[in-house]
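Chemist: Provided herewith is a single structure, encoded as structure tokens, for subsequent inquiry.
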Amino acid sequence: MEIHPPQPPAPETTLAIRIGWLVLILATLYVCYFSHLGAIGFVGPDEPRYAWIARAMAETGDWVTPRLYGQPWFEKPPLYYWGAALSFKLFGVTEAAARLPSALSALLATLSLAWLALRLHGPETARWLLLLLPTTVGMIGFSHAAATDMPFSAMLTIAMVAAAALIRLIPDPGSPSGTSVAESSSNFSSSSLLQFAHSTLFISMLFGLFLGLAVLAKGPAGLVLCGGTVSLWALITKRWRDALRLFHPAAIACFCLTALPWYIFCAHRNPDFFRIFIIEHNFKRYLTPEFQHLQPFWYYLPILLIALFPWVGLSISAFTYVFRRKLGMQPDDTSIFLIAWIIFPLIFFSISRSKLPGYILPAVPPFVMLTAASLNRALRMPKVPVPAGFAAFALTPVITVAAVSVGVYGEHFNLVPHWFATVSAIIALTCAAACVICILRRQTELLIGVGVLCLILFVEAIDLSPLPIVDRYISPRRVSELVNAYPQSAGRIVVFRLKRSWQYGLNFYLHREIEEWNGDSNYPAIAVVSIEGLSELQYRHADFMVIDNTAMQAQVVQIGKANPEERK
């Protein structure tokens, strides 16, 4: 049983201030997770392929076997595909619909972690969690991605919150001080819904359900990360008996009922499923460099710091504070649990031979939870300390001011509209003035709130102005519109020297698998050609005609001519 050190009481707040914080929280959740999900087209090689598979599920009604270009595709389990396919059916086939499952997953993870913060540290910590977590670069970026990273991280986060309850980290509100959920559940009455919600049986069912969903989102990694984190915590705290509570029969039953049916049905329909999915896309991906995602061992340290931006200074201070307490004060089992939740994924994926930025996303929520708790303790002290990282929130206006120069120089390259610099300057100056007022009045909480407000205003400004223009550089959506507008687009379409991500994107947008041009000019075709590919066509003296050269990364040309008149 853990005893938290006493803290000064939270200051009283008026109803107007509470409403103000609530409005800021709701605005933060909406802007950071749901605002402008379709501002840019599909980016990278994964988004268009995952969206294709989801669209195929919605069109064919086959919810068991994921198919890419008509062939079974077993790189990832189906949880994201199911969510995106359902979203397509409800809202149509759009980028926003494809990314909606990730946004909803981010919201669920944030709310579940806020509940944990509320139960462990009180409403103030929950408030900071709801403001800090959505505004991190990692959560904003992956909540706007049509990929499996956010659904996996979110399901694992909810499972870990339930695990914290099962291993007796959360006190029951209706029980005496220090009594855990598990202990109080012995007095459970079947007629009381509230008691059932705090019972071991219910928490075990939730744990099994969401751990099963994590396995459906990305495979066995969910079991490894959860088991490894709790084992590391138990090793440090010597609480192995509490850790064994995760093997409650209800948890095992719910996990099996959630995760196993799809694996069984898919293996029954596809004999190669386990070899391809388990051996190639799990063990080989982890143990060998076969998938060409080679990075140094320390790769995830800077990635994690970037994902925590702009609160990285506060997060580092919170992390080191735990170790200072560990050395000089009574151990805090909850903090050790959060540290283990951060450290184990970091070590596990650092050992892997294949590294991608999204793998470290599960470590971001507990890191921000640790940060929120530390921030709340600091703000409730008689004299608010200013550690090295505590001034990170003051960087927010500075970052926004930097956007002014980006806007000015971006105008010369047609990256941003002319008014973006003006809007950025207004945001920066207004928030900087508000920060100065808060500092003079010693209102540190409002100072951080102003920093969050500045961030979400800047995110909204980016969504409204530069992103639609940058879309032409990073997504093939504009090129696909040009191809579809051309009268002969229903005929043969090829690509030439186009990067892989753009080819996958064109496949999705044009709803066909596009082949690479084989060099034969005798058969007319519409071709999407990279800038380098266009130079090669000229070097070959190929018979082609540029149709549109307004795209930034590729040009649309007609290779060969349909009739002699077109050759003139």
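Starting from 1 in every chain, residues are counted up; chains themselves are A, B, ... following the order of the structure tokens, and ligands are numbered from 1 as listed.
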Can you pull out every residue within 12 Å of Thr334 of chain A, counting only C-alpha atoms, but drop anything in the same chain fewer than 6 positions away, and send it as a VMD selection string?

Modeler: chain A and resid 1 to 4 116 to 117 119 to 121 161 163 to 165 167 to 171 230 233 to 234 236 to 237 322 326 340 to 341 366 369 to 370 373

Chemist: If we count only C-alpha atoms, what is near segment 267-281 of chain A at a cut-off of 8 Å, once residues fewer than 2 positions away on the same chain are taken out, given as a list in words?

Modeler: Thr65, Phe74, Glu75, Lys76, Tyr263, Ile264, Phe265, Phe283, Lys284 and Arg285 of chain A

Chemist: Restricting the calculation to only C-alpha atoms: of A:Arg245, A:Arg55, A:Arg472, A:His144, which residue gets closest to Lys89 of chain A?

Modeler: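 Among the listed residues, the smallest separation from Lys89 of chain A belongs to A:Arg55.
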
Chemist: Using only C-alpha atoms, which of A:Arg478, A:His248, A:Arg380, A:Arg18 sits nearest Ala554 of chain A?

Modeler: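 Looking at the shortest contact to Ala554 of chain A, the residue is A:Arg478.
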
Chemist: Which residues are close to segment 42-46 of chain A, i.e. within 8 Å by only C-alpha atoms, leaving aside same-chain residues fewer than 4 positions away? Reply as a short mmCIF file (atom, residue, chain, number, x, y, z; two decimals) with N, CA, C and O atoms, in the first residue's frame.

Modeler:
data_model
loop_
_atom_site.label_atom_id
_atom_site.label_comp_id
_atom_site.auth_asym_id
_atom_site.auth_seq_id
_atom_site.Cartn_x
_atom_site.Cartn_y
_atom_site.Cartn_z
N TYR A 50 -2.96 1.63 -45.85
CA TYR A 50 -3.93 1.27 -44.81
C TYR A 50 -5.33 1.74 -45.19
O TYR A 50 -6.32 1.03 -44.94
N GLU A 95 -9.98 11.66 -46.47
CA GLU A 95 -8.83 11.61 -45.57
C GLU A 95 -9.27 11.79 -44.12
O GLU A 95 -8.75 11.12 -43.22
N ALA A 146 -3.48 8.34 -40.53
CA ALA A 146 -4.26 7.14 -40.83
C ALA A 146 -3.33 5.94 -40.71
O ALA A 146 -2.89 5.34 -41.70
N ALA A 147 -3.01 5.57 -39.48
CA ALA A 147 -2.04 4.52 -39.21
C ALA A 147 -2.43 3.79 -37.93
O ALA A 147 -3.36 4.18 -37.22
N ILE A 474 3.88 17.37 -50.35
CA ILE A 474 4.07 16.13 -49.60
C ILE A 474 3.02 15.07 -49.89
O ILE A 474 3.15 13.94 -49.42
N SER A 475 1.99 15.40 -50.66
CA SER A 475 0.92 14.44 -50.94
C SER A 475 0.60 14.43 -52.42
O SER A 475 0.62 15.48 -53.08
N PRO A 476 0.26 13.25 -52.99
CA PRO A 476 -0.10 13.17 -54.41
C PRO A 476 -1.57 13.50 -54.68
O PRO A 476 -2.04 13.26 -55.79
N ARG A 477 -2.28 14.03 -53.71
CA ARG A 477 -3.71 14.29 -53.91
C ARG A 477 -3.95 15.25 -55.07
O ARG A 477 -4.82 15.01 -55.91
N ARG A 500 8.16 5.89 -53.77
CA ARG A 500 7.23 4.84 -53.39
C ARG A 500 5.98 5.40 -52.72
O ARG A 500 4.86 4.97 -53.02
N SER A 501 6.13 6.36 -51.82
CA SER A 501 4.97 6.88 -51.09
C SER A 501 3.98 7.54 -52.04
O SER A 501 2.77 7.42 -51.87
N TRP A 502 4.47 8.25 -53.05
CA TRP A 502 3.58 8.91 -54.00
C TRP A 502 2.88 7.88 -54.88
O TRP A 502 1.72 8.06 -55.24
N TYR A 504 2.03 4.82 -53.99
CA TYR A 504 0.96 4.24 -53.17
C TYR A 504 -0.22 5.21 -53.05
O TYR A 504 -1.38 4.79 -53.08
N GLY A 505 0.10 6.51 -52.89
CA GLY A 505 -0.97 7.50 -52.80
C GLY A 505 -1.80 7.58 -54.07
O GLY A 505 -3.03 7.64 -54.02
#

Chemist: Point out the residue among A:Phe367, A:Tyr539, A:Phe344, A:Phe142 with the least atom-to-atom distance to Cys32 of chain A, counting only C-alpha atoms.

Modeler: A:Phe142

Chemist: Of the candidates A:Asn522, A:Thr28, A:Phe210, A:Gly138, which shows the shortest atom-to-atom distance to Ile303 of chain A, using only C-alpha atoms?

Modeler: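 That would be A:Gly138, the residue with the smallest distance to Ile303 of chain A.
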
Chemist: Would you mind telling me which residue in A:Phe34, A:Tyr473, A:Trp73, A:Trp298 lies nearest to Trp52 of chain A when using only C-alpha atoms?

Modeler: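 Closest to Trp52 of chain A, using only C-alpha atoms: A:Trp73.
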
Chemist: Between atom CA of Ser335 of chain A and atom CA of Tyr359 of chain A, what is the distance, to one decimal in Å?

Modeler: 22.6 Å

Chemist: Between A:Phe458, A:Ala39, A:Thr94, A:Pro78, which is the closest to Val470 of chain A once you count only C-alpha atoms?

Modeler: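 Closest to Val470 of chain A, using only C-alpha atoms: A:Ala39.
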